[in-house]
Amino acid sequence: MRPVSQRVNAKKNHENNTEFGKSTSELLILKPEGYPLSGMMDEYPVIENRDVFEFYAREQWNGYVARKGDYLFDRRMFPDFAYRIIDVEPAESMIGSSTSIIVTEEENGLPSSAEIKSSVKFEDVIGQELAKQKCRLIERFLEEPERFGKWAPRNILFFGPSGTGKTMLAKALANKTDVPIIPVKATQLIGEYVGDGARQIHQLYDRAEEMAPCIIFIDELDAIALDRKYQELRGDVSEIVNALLTEMDGIVERDGVCTICSTNRIYSLDSAIRSRFEEEIEFVLPGEEEVIKIFESNVKTFPLQVEDCDFRSLAKKTNGLSGRDLVEKVLKTALHQAIIEDREVVASKDFENALAKLGRKYALQGPSELYI
């Protein structure tokens, strides 16, 4: 445990440190932790109106850089009452006026009891034109769910390499149709005790039905829906799969609820789960023109100037890289190198070096290691 003086300093620095908070937090999940000291007269806050609390919290903590594991302290109504940050998206981003704030009692931060609005637009997803076209059906369903009746597109599967925009497109779809989206990683659904996972699945769908029309987005589906021959080794997820199958089958009708799942291991999915999806939408790696657009759109947000660079030449060397690879492993690496060297300009050599370093890293891996 850190000395008290260090913890106090960290608490003070948290308020003003904006070194990492270049982007605004999209989602902040908090867990009530209580007061630093307890006494007989302590009164614990109870959230009666979530919308009012969210507005209050954004006003109070506006400008704070949120980091997973840190604490936020109430300064007004319940002075020094602490909330621990269970998760923040993007990581180490700044709380702002558009941040969705959720308070949960669960350690895994499963956002099953809050309405989440998305600010992602279709234009933010570069490429994936075929996937966008197929999403028009979901868009029409969410705009007029009563029109479809029993023919509603209730279960959709996004599949393709990691980092190709599956999560972004689900959020863009929610934003376009102005409906809430509940994003959940499949691993969050695995409970500590028998029955926890199934209970969380049903609670998730209960909440989505209350908010309908609504999207439930389950990421990394393969974490719980592997082929049955693998599940025999993982009995802890069989109950989750059965609960999910029950919900997807519509045994309990959930009008206006659309389930979108994503995976980058579609051929490892259990056939019973896969058969429940009415539509499978493929996401592909970006082509040369799309790589150029990714480069050009992202360097505009750099905090440093970028010298004239032949992005077309760079794009020819990015075969096999996803959009996320390009942003996180090429652009970010190039920017950080310029900052380390105290330069005011990101040069062409920075992008070239980042690509070369990435190529060497993959060359050192065996073929089997590339797909873990």
# chains A, B, ... in the order shown; residues from 1 in each chain; ligands from 1
>>> residues_around(residues="segment 347-355 of chain A", least_positions_apart="6", cutoff="10 Å", atoms="only C-alpha atoms", output="PyMOL selection string")
chain A and resi 305-311+313-314+317-318+326+329-338+361
>>> residues_around(residues="Gly256 of chain A", least_positions_apart="2", cutoff="6 Å", atoms="only C-alpha atoms", output="list in words")
Pro145, Ala212 and Pro213 of chain A
>>> write_last_selection(atoms="all heavy atoms", output="PDB file, in the first residue's frame")
ATOM      1  N   PRO A 145     -39.885  -0.243 -34.927  1.00  0.00           N
ATOM      2  CA  PRO A 145     -39.912  -1.656 -34.515  1.00  0.00           C
ATOM      3  C   PRO A 145     -41.287  -2.307 -34.665  1.00  0.00           C
ATOM      4  O   PRO A 145     -41.392  -3.499 -34.960  1.00  0.00           O
ATOM      5  CB  PRO A 145     -39.468  -1.604 -33.048  1.00  0.00           C
ATOM      6  CG  PRO A 145     -39.704  -0.196 -32.611  1.00  0.00           C
ATOM      7  CD  PRO A 145     -39.499   0.640 -33.818  1.00  0.00           C
ATOM      8  N   ALA A 212     -36.323  -0.095 -24.661  1.00  0.00           N
ATOM      9  CA  ALA A 212     -36.576  -0.354 -26.085  1.00  0.00           C
ATOM     10  C   ALA A 212     -37.230   0.842 -26.788  1.00  0.00           C
ATOM     11  O   ALA A 212     -38.029   1.555 -26.168  1.00  0.00           O
ATOM     12  CB  ALA A 212     -37.445  -1.597 -26.224  1.00  0.00           C
ATOM     13  N   PRO A 213     -36.881   1.054 -28.095  1.00  0.00           N
ATOM     14  CA  PRO A 213     -35.922   0.274 -28.873  1.00  0.00           C
ATOM     15  C   PRO A 213     -34.494   0.464 -28.374  1.00  0.00           C
ATOM     16  O   PRO A 213     -34.106   1.568 -27.998  1.00  0.00           O
ATOM     17  CB  PRO A 213     -36.093   0.806 -30.296  1.00  0.00           C
ATOM     18  CG  PRO A 213     -36.647   2.188 -30.123  1.00  0.00           C
ATOM     19  CD  PRO A 213     -37.479   2.150 -28.886  1.00  0.00           C
TER      20      PRO A 213
END
>>> select_by_dssp(residues="segment 208-313 of chain A", states="alpha helix (DSSP H)", output="ChimeraX atom specification")
/A:208-211,228-231,238-249,271-274,288-299,311-313
>>> select_by_dssp(residues="segment 71-163 of chain A", states="strand (DSSP E)", output="list in words")
Tyr71, Leu72, Phe73, Ala82, Tyr83, Arg84, Ile85, Ile86, Asp87, Val88, Glu89, Ser93, Met94, Ser100, Ile101, Ile102, Val103, Asn155, Ile156, Leu157, Phe158 and Phe159 of chain A
>>> write_last_selection(atoms="C-alpha atoms", output="mmCIF file, in the first residue's frame")
data_model
loop_
_atom_site.group_PDB
_atom_site.id
_atom_site.type_symbol
_atom_site.label_atom_id
_atom_site.label_comp_id
_atom_site.auth_asym_id
_atom_site.auth_seq_id
_atom_site.Cartn_x
_atom_site.Cartn_y
_atom_site.Cartn_z
ATOM 1 C CA TYR A 71 -11.213 7.525 -6.950
ATOM 2 C CA LEU A 72 -13.573 10.463 -7.454
ATOM 3 C CA PHE A 73 -14.705 12.343 -4.352
ATOM 4 C CA ALA A 82 -15.740 8.177 -2.733
ATOM 5 C CA TYR A 83 -16.549 6.474 -6.010
ATOM 6 C CA ARG A 84 -13.991 4.126 -7.565
ATOM 7 C CA ILE A 85 -13.558 4.166 -11.349
ATOM 8 C CA ILE A 86 -14.271 0.613 -12.517
ATOM 9 C CA ASP A 87 -13.817 1.433 -16.202
ATOM 10 C CA VAL A 88 -13.427 4.407 -18.519
ATOM 11 C CA GLU A 89 -13.619 4.556 -22.297
ATOM 12 C CA SER A 93 -9.644 10.465 -20.977
ATOM 13 C CA MET A 94 -11.217 13.620 -19.598
ATOM 14 C CA SER A 100 -22.171 8.861 -19.874
ATOM 15 C CA ILE A 101 -21.729 8.061 -16.168
ATOM 16 C CA ILE A 102 -22.920 4.788 -14.673
ATOM 17 C CA VAL A 103 -22.925 3.818 -11.005
ATOM 18 C CA ASN A 155 -29.945 -11.177 -33.804
ATOM 19 C CA ILE A 156 -27.036 -9.921 -35.927
ATOM 20 C CA LEU A 157 -23.430 -11.168 -35.984
ATOM 21 C CA PHE A 158 -20.512 -8.906 -36.872
ATOM 22 C CA PHE A 159 -17.393 -10.894 -37.738
#
>>> closest_residue(among="A:Lys171, A:Arg154, A:Lys316, A:Arg207", to="Val257 of chain A", atoms="only C-alpha atoms")
A:Arg154
>>> closest_residue(among="A:Val237, A:Glu289, A:Ala225, A:Phe122", to="Asp270 of chain A", atoms="only C-alpha atoms")
A:Ala225
>>> closest_residue(among="A:Gly127, A:Cys135, A:Glu290, A:Glu26", to="Ser98 of chain A", atoms="only C-alpha atoms")
A:Glu26
>>> closest_residue(among="A:Thr259, A:Thr246, A:Ser297, A:Ser97", to="Ala272 of chain A", atoms="only C-alpha atoms")
A:Thr246
>>> closest_residue(among="A:Leu169, A:Val46, A:Leu245, A:Leu28", to="Asp70 of chain A", atoms="only C-alpha atoms")
A:Leu28
>>> atom_distance(atom1="atom CA of Ile224 of chain A", atom2="atom CA of Pro183 of chain A")
15.6 Å
>>> atom_distance(atom1="atom CA of Pro32 of chain A", atom2="atom CA of Phe81 of chain A")
8.1 Å
